[in-house]
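Student: Below you'll find the structure I mean.
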Amino acid sequence: QETQEGRNFADAIKKGWNWVERDQQTLNLPNFELWKGGLNTICVILRKNRSITNLNLSGNIIGFEGAKTLADVLRLNQSLSYLNLSNNHIKSEGASEIGVALKENIGLTNLNFRGNHIESAGGSAIAEGLKENHTLMILNLSKNRLQDEGALSIALALKLNNTLMTVNLKRNQIKPGADSFLQALTEVEDIHRLLLKRNPVWSKVENLMKMHLSKTRLKLLGTNASISNLSESFHSSDYPGSSSDYDSSSCTSSSSDESSSSD
């Protein structure tokens, strides 16, 4: 007997394949309850179809098992460049799987990992992946409760990674006393945009950067004339057809953590 979850997944696949058939690049399946079943089928598609470059799986609550399944695909898939895994309850265990996959993946340039509650342990796992990844250019880790330890791990990884251009660390409970994190930021040279607002530490960022960073490095950090621009949103050119998270109806943007002034 066909279940409602089976019908939901069938609809998801149908709609997703309609997009793939139209542009041969995008599979857009947000909020389709893939945690109830079906993610394995998505991964089979990714293993067989090398034309898909943009994948939106936001809001599917895939958890650790889903993250592990996707990580296995990411180790092999070289065509996927944009992956939206926001709001999927992946947590630290799932982040560890994705972190390992990032060491081997040579296709992803844009990863949205917003709102997965990965905390400091998950942040450290992602950081380990970043140290060996040479393709990722845009990373959204906002709303993940990284706190001081997780943020420090990311900052230390940024010192070694020379491809990341934009990193979003907004709303991660980074405190003003995170001196090691702040010091590590002064040694990051290659990143263009670092979003830190809506963390308690923001009150100390401006003065610290002015004290330690040269004008050249301020420009590299995307601050232009003012350090305050570290809090500004991503430009639309940072995303394939979007300046923020994909919405639930298409792969064009509505609003999200990157662009919302209320977040």
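Identifiers in the structure tokens: chain A, B, ... in order shown; residue index from 1 per chain; ligand index from 1 in order shown.
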What are the closest atom pairs, with distances in Å to one decimal, for each residue of segment 108-174 of chain A lying within 10 Å of segment 39-59 of chain A, using only C-alpha atoms, rows by chain and rising residue number, as JSON lines?

Tutor:
{"residue": "A:Leu108", "atom": "CA", "partner": "A:Thr53", "partner_atom": "CA", "distance": 8.8}
{"residue": "A:Asn110", "atom": "CA", "partner": "A:Asn54", "partner_atom": "CA", "distance": 9.4}
{"residue": "A:Asn112", "atom": "CA", "partner": "A:Ser58", "partner_atom": "CA", "distance": 8.8}
{"residue": "A:Phe113", "atom": "CA", "partner": "A:Ser58", "partner_atom": "CA", "distance": 9.1}
{"residue": "A:Arg114", "atom": "CA", "partner": "A:Ser58", "partner_atom": "CA", "distance": 9.2}
{"residue": "A:Gly115", "atom": "CA", "partner": "A:Gly59", "partner_atom": "CA", "distance": 9.6}
{"residue": "A:Asn116", "atom": "CA", "partner": "A:Gly59", "partner_atom": "CA", "distance": 9.8}

Student: Counting only C-alpha atoms, which residue out of A:Leu146, A:Leu164, A:Leu111, A:Ala151 sits closest to Glu132 of chain A?

Tutor: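 Going through A:Leu146, A:Leu164, A:Leu111, A:Ala151 one by one, the smallest distance to Glu132 of chain A is for A:Leu164.
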
Student: DSSP on the backbone, alpha helix (DSSP H) only: what residues of segment 9-180 of chain A does that give? Format it as a PyMOL selection string.

Tutor: chain A and resi 9-23+39-48+63-76+91-104+119-132+147-160+179-180

Student: Fewer than 2 positions away in the same chain doesn't count, so skip those; otherwise give me all residues within 8 Å of Gly129 of chain A, counting only C-alpha atoms, as a PyMOL selection string.

Tutor: chain A and resi 98-103+125-127+131-133

Student: Just the selected residues (C-alpha atoms), exported as a PDB file, in the first residue's frame, please.

Tutor:
ATOM      1  CA  ILE A  98      31.308  15.656   5.848  1.00  0.00           C
ATOM      2  CA  GLY A  99      34.654  16.926   7.126  1.00  0.00           C
ATOM      3  CA  VAL A 100      36.396  13.725   6.052  1.00  0.00           C
ATOM      4  CA  ALA A 101      34.691  13.901   2.659  1.00  0.00           C
ATOM      5  CA  LEU A 102      35.935  17.469   2.159  1.00  0.00           C
ATOM      6  CA  LYS A 103      39.493  16.188   2.323  1.00  0.00           C
ATOM      7  CA  ALA A 125      35.789  18.287  12.105  1.00  0.00           C
ATOM      8  CA  ILE A 126      34.862  20.654   9.284  1.00  0.00           C
ATOM      9  CA  ALA A 127      38.072  22.589   9.933  1.00  0.00           C
ATOM     10  CA  LYS A 131      42.905  22.143   5.737  1.00  0.00           C
ATOM     11  CA  GLU A 132      43.135  19.652   2.881  1.00  0.00           C
ATOM     12  CA  ASN A 133      40.375  20.950   0.597  1.00  0.00           C
TER      13      ASN A 133
END

Student: Please determine, counting only C-alpha atoms, which residue among A:Ser96, A:Thr186, A:Asn172, A:Ser81 has the shortest atom-to-atom distance to Thr135 of chain A.

Tutor: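 Smallest distance to Thr135 of chain A is found for A:Ser81.
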
Student: Using only C-alpha atoms, determine which residues lie at most 9 Å from Leu185 of chain A, disregarding the query and same-chain residues fewer than 4 positions distant; provide the list as a PyMOL selection string.

Tutor: chain A and resi 152+155-156+158-159+180-181+189+209

Student: Would you save the residues from that selection as a PDB file, in the first residue's frame, using N, CA and C atoms?

Tutor:
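Done, and the output landed in result_29.pdb:
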ATOM      1  N   LEU A 152      37.670  28.881  16.725  1.00  0.00           N
ATOM      2  CA  LEU A 152      39.131  28.872  16.658  1.00  0.00           C
ATOM      3  C   LEU A 152      39.623  27.824  15.666  1.00  0.00           C
ATOM      4  N   ALA A 155      39.182  29.238  12.228  1.00  0.00           N
ATOM      5  CA  ALA A 155      40.157  30.306  11.957  1.00  0.00           C
ATOM      6  C   ALA A 155      41.548  29.742  11.677  1.00  0.00           C
ATOM      7  N   LEU A 156      41.946  28.734  12.425  1.00  0.00           N
ATOM      8  CA  LEU A 156      43.254  28.114  12.200  1.00  0.00           C
ATOM      9  C   LEU A 156      43.296  27.409  10.841  1.00  0.00           C
ATOM     10  N   LEU A 158      41.622  28.357   8.225  1.00  0.00           N
ATOM     11  CA  LEU A 158      41.662  29.410   7.210  1.00  0.00           C
ATOM     12  C   LEU A 158      43.092  29.894   6.952  1.00  0.00           C
ATOM     13  N   LYS A 159      43.949  29.757   7.948  1.00  0.00           N
ATOM     14  CA  LYS A 159      45.342  30.152   7.762  1.00  0.00           C
ATOM     15  C   LYS A 159      46.042  29.236   6.760  1.00  0.00           C
ATOM     16  N   SER A 180      42.149  33.786  21.391  1.00  0.00           N
ATOM     17  CA  SER A 180      42.899  32.951  20.451  1.00  0.00           C
ATOM     18  C   SER A 180      42.264  32.995  19.065  1.00  0.00           C
ATOM     19  N   PHE A 181      40.939  32.989  19.035  1.00  0.00           N
ATOM     20  CA  PHE A 181      40.217  33.101  17.768  1.00  0.00           C
ATOM     21  C   PHE A 181      40.512  34.435  17.092  1.00  0.00           C
ATOM     22  N   GLU A 189      45.101  35.625   5.595  1.00  0.00           N
ATOM     23  CA  GLU A 189      45.442  36.582   4.554  1.00  0.00           C
ATOM     24  C   GLU A 189      44.600  36.475   3.292  1.00  0.00           C
ATOM     25  N   MET A 209      41.016  44.296  14.561  1.00  0.00           N
ATOM     26  CA  MET A 209      41.427  44.299  13.171  1.00  0.00           C
ATOM     27  C   MET A 209      42.179  45.590  12.830  1.00  0.00           C
TER      28      MET A 209
END
